[in-house]
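S.K.: Can you keep this structure in mind? I'll have questions shortly.
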Amino acid sequence: MDDQQATLLGPADVRRLAEELDIRPTKKLGQNFVHDPNTVRRIVTAASVTADDVVLEVGPGLGSLTLALLPAAGAVTAVEIDPVLAARLPRTAAECAPALADRLTVIEADALRVRAEDFPAAPTALVANLPYNVAVPVVLHLLAELPSLAHGLVMVQSEVADRMAAKPGSRVYGVPSAKAAWYADVRRAGPVPRKVFWPVPNVDSGLVSFQRIEPPSTAPRQDVFRVVDAAFAQRRKTLRAALSGWAGSAARAEEVLRAAGVDPTVRGEQLEIGDFARIAQAATTESGR
């Protein structure tokens, strides 16, 4: 084996490790372990990971993707909520990639609660097979908490991938799409077959890539996101009606919308994140008069 390579996990290795640790993948934690070396190689390549990257991996599980990341990245920080998996991962790295194991740091934590100060080095890339049930909150939390994250590629449920990457006017455009667009240019990056997981999930998976961008506005993010939440809470209603609770009344909502240059009769799914930001700014300006 080349010193700078890693022996990747195949189906037999994944089952052996799971048996050794007495692990039965749980739906609660969204555990579906990847056991196909070609898939993890494809993910690392598509993520454009380089030796300059400090990669953050969420939910490394048994280490299939981790082992593919180690040769490509300058460092890998894996955040794992399961204490048994977190304890085993450094040993797996030492066994399968002995010359690269010192690039790995494992943090036993909930990815929804990690803070920038928890990391030994500021992560520059997010590459992960995310638990389906928390994929969107995890991505949004990490983008907010870690300004150093410049790019990434995540594997999520196919429907979630569609929602995250959707553009205004799409049937599936909503809160995840709008909020993700505040931080990054988000795109679908291809499908992932069910057969590469153990156990085989009953849903399709897809890859989502992102490149960090400057926020579209100087308006406070929390203010903008409150408008987004209100607009989609009743997505069948016009913005005048949907934002009435947020604004205090339908008349006030219309006043703010017109001040922002937004038609009060359209629905939230027609607006880009910059439009929501203008509404938030208009509300502040109007209230200051």
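We name chains A, B, ... following the order of the structure tokens; residues begin at 1 in each chain, and ligands are numbered from 1 as shown.
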Would you mind listing what lies within 6 Å of range 173-190 of chain A as a PyMOL selection string, with only C-alpha atoms counted and same-chain residues fewer than 5 positions away left out?

M.R.: chain A and resi 163-168+206-213+215+273

S.K.: Give me every helix (DSSP H, G or I) residue in range 74-277 of chain A, going by DSSP on the backbone, as a PyMOL selection string.

M.R.: chain A and resi 83-96+101-103+116-118+132-145+158-165+175-183+194-196+221-233+239-242+244-247+250-259+268-270+273-277

S.K.: Env of Leu21 in chain A: 9 Å cut, atoms = only C-alpha atoms, seq-sep filter 5 positions within chain, self excluded. Answer as a list in words.

M.R.: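 Returned residues: Arg16, Val84, Leu85 and Arg88 of chain A.
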
S.K.: If we count only C-alpha atoms and set the cut-off at 6 Å, which residues sit around range 110-118 of chain A, ignoring sequence neighbours fewer than 6 positions away in its own chain? Please answer as a list in words.

M.R.: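 The neighbour list is Ile81, Val138 and Leu146 of chain A.
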
S.K.: Within 7 Å of Ala230 in chain A, counting only C-alpha atoms, which residues qualify if same-chain residues fewer than 3 places away don't, as a list of chain:residue names?

M.R.: A:Arg226, A:Val227, A:Ala233, A:Ala242, A:Leu243, A:Trp246

S.K.: For the residues in the current selection, export C-alpha atoms as a tab-separated table (two decimals), in the first residue's frame.

M.R.:
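The resulting part-v5.tsv:
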chain	number	residue	atom	x	y	z
A	226	ARG	CA	-38.13	35.46	10.17
A	227	VAL	CA	-39.65	36.82	6.96
A	233	ALA	CA	-45.77	29.00	7.01
A	242	ALA	CA	-48.97	35.21	4.84
A	243	LEU	CA	-46.98	38.09	6.36
A	246	TRP	CA	-45.32	38.95	11.12

S.K.: If you run DSSP on the backbone, which residues of range 183-254 of chain A are strand (DSSP E or B), as a PyMOL selection string?

M.R.: chain A and resi 184-192+197-198+205-212

S.K.: Next, the residues of the selection above should be written as a PDB file, in the first residue's frame with C-alpha atoms.

M.R.:
ATOM      1  CA  ALA A 184     -24.147  29.621  -0.694  1.00  0.00           C
ATOM      2  CA  ASP A 185     -24.758  28.693  -4.291  1.00  0.00           C
ATOM      3  CA  VAL A 186     -26.389  25.279  -3.826  1.00  0.00           C
ATOM      4  CA  ARG A 187     -26.758  22.707  -6.606  1.00  0.00           C
ATOM      5  CA  ARG A 188     -27.731  19.078  -7.145  1.00  0.00           C
ATOM      6  CA  ALA A 189     -24.617  17.018  -7.855  1.00  0.00           C
ATOM      7  CA  GLY A 190     -26.047  13.665  -8.907  1.00  0.00           C
ATOM      8  CA  PRO A 191     -27.906  10.626  -7.542  1.00  0.00           C
ATOM      9  CA  VAL A 192     -26.618   7.878  -5.250  1.00  0.00           C
ATOM     10  CA  PHE A 197     -25.739   1.482   1.749  1.00  0.00           C
ATOM     11  CA  TRP A 198     -26.138  -1.016   4.543  1.00  0.00           C
ATOM     12  CA  SER A 205     -30.266   9.594  -2.010  1.00  0.00           C
ATOM     13  CA  GLY A 206     -28.615  12.470  -3.797  1.00  0.00           C
ATOM     14  CA  LEU A 207     -25.555  14.687  -3.627  1.00  0.00           C
ATOM     15  CA  VAL A 208     -25.780  18.432  -2.992  1.00  0.00           C
ATOM     16  CA  SER A 209     -22.820  20.745  -3.529  1.00  0.00           C
ATOM     17  CA  PHE A 210     -22.378  24.282  -2.279  1.00  0.00           C
ATOM     18  CA  GLN A 211     -19.987  27.189  -2.753  1.00  0.00           C
ATOM     19  CA  ARG A 212     -20.018  29.943  -0.137  1.00  0.00           C
TER      20      ARG A 212
END

S.K.: Please list as a PyMOL selection string every residue within 12 Å of Leu130 in chain A, counting only C-alpha atoms and excluding residues in the same chain fewer than 4 positions away.

M.R.: chain A and resi 29-34+56-61+65+79-80+111-112+126+134-139+153-158+160-161+205-208

S.K.: Those selected residues, please, written with C-alpha atoms and delivered as a compact mmCIF listing (two decimals), in the first residue's frame.

M.R.:
# COMPACT_ATOMS: atom_id res chain seq x y z
CA LEU A 29 -29.93 8.34 14.21
CA GLY A 30 -30.52 7.95 10.49
CA GLN A 31 -27.71 5.41 10.23
CA ASN A 32 -27.13 3.92 6.79
CA PHE A 33 -23.49 2.99 6.31
CA VAL A 34 -21.85 3.32 2.89
CA LEU A 56 -15.47 18.58 8.43
CA GLU A 57 -17.27 15.25 8.24
CA VAL A 58 -20.53 14.86 10.15
CA GLY A 59 -21.70 11.36 11.11
CA PRO A 60 -18.65 9.38 9.94
CA GLY A 61 -20.17 6.16 11.20
CA LEU A 65 -15.96 8.16 3.76
CA VAL A 79 -18.11 14.92 14.42
CA GLU A 80 -19.86 11.78 15.66
CA ALA A 111 -23.42 18.44 15.05
CA LEU A 112 -26.43 20.65 15.77
CA LEU A 126 -18.04 20.06 4.63
CA VAL A 134 -31.40 16.28 10.49
CA ALA A 135 -29.68 17.08 7.18
CA VAL A 136 -31.12 20.56 6.59
CA PRO A 137 -30.76 21.85 10.19
CA VAL A 138 -27.18 20.54 10.34
CA VAL A 139 -26.12 22.22 7.09
CA LEU A 153 -20.72 18.23 -0.75
CA VAL A 154 -23.29 16.34 1.27
CA MET A 155 -25.23 13.16 0.64
CA VAL A 156 -28.86 13.45 1.71
CA GLN A 157 -32.27 12.00 0.92
CA SER A 158 -33.13 12.76 -2.72
CA VAL A 160 -34.14 16.86 0.65
CA ALA A 161 -31.52 17.45 -2.04
CA SER A 205 -30.27 9.59 -2.01
CA GLY A 206 -28.61 12.47 -3.80
CA LEU A 207 -25.55 14.69 -3.63
CA VAL A 208 -25.78 18.43 -2.99

S.K.: Could you tell me which of A:Leu143, A:Val49, A:Leu9, A:Leu149 comes closest to Gly63 in chain A if we count only C-alpha atoms?

M.R.: A:Leu9

S.K.: Measuring between only C-alpha atoms, which one of A:Gly169, A:Val54, A:Pro98, A:Ala87 shows the shortest distance to Ala125 in chain A?

M.R.: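 Among the listed residues, A:Val54 lies closest to Ala125 in chain A.
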
S.K.: Could you tell me which of A:Ala150, A:Ala280, A:Ile43, A:Ala72 comes closest to Ala259 in chain A if we count only C-alpha atoms?

M.R.: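 Closest to Ala259 in chain A, using only C-alpha atoms: A:Ala280.
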
S.K.: Which residues are near Thr7 in chain A? Cut-off 10 Å, only C-alpha atoms, ignore same chain within fewer than 4 positions. Put them as an MDAnalysis selection string.

M.R.: chainID A and resid 1:2 37 64 67:68 93 95:98
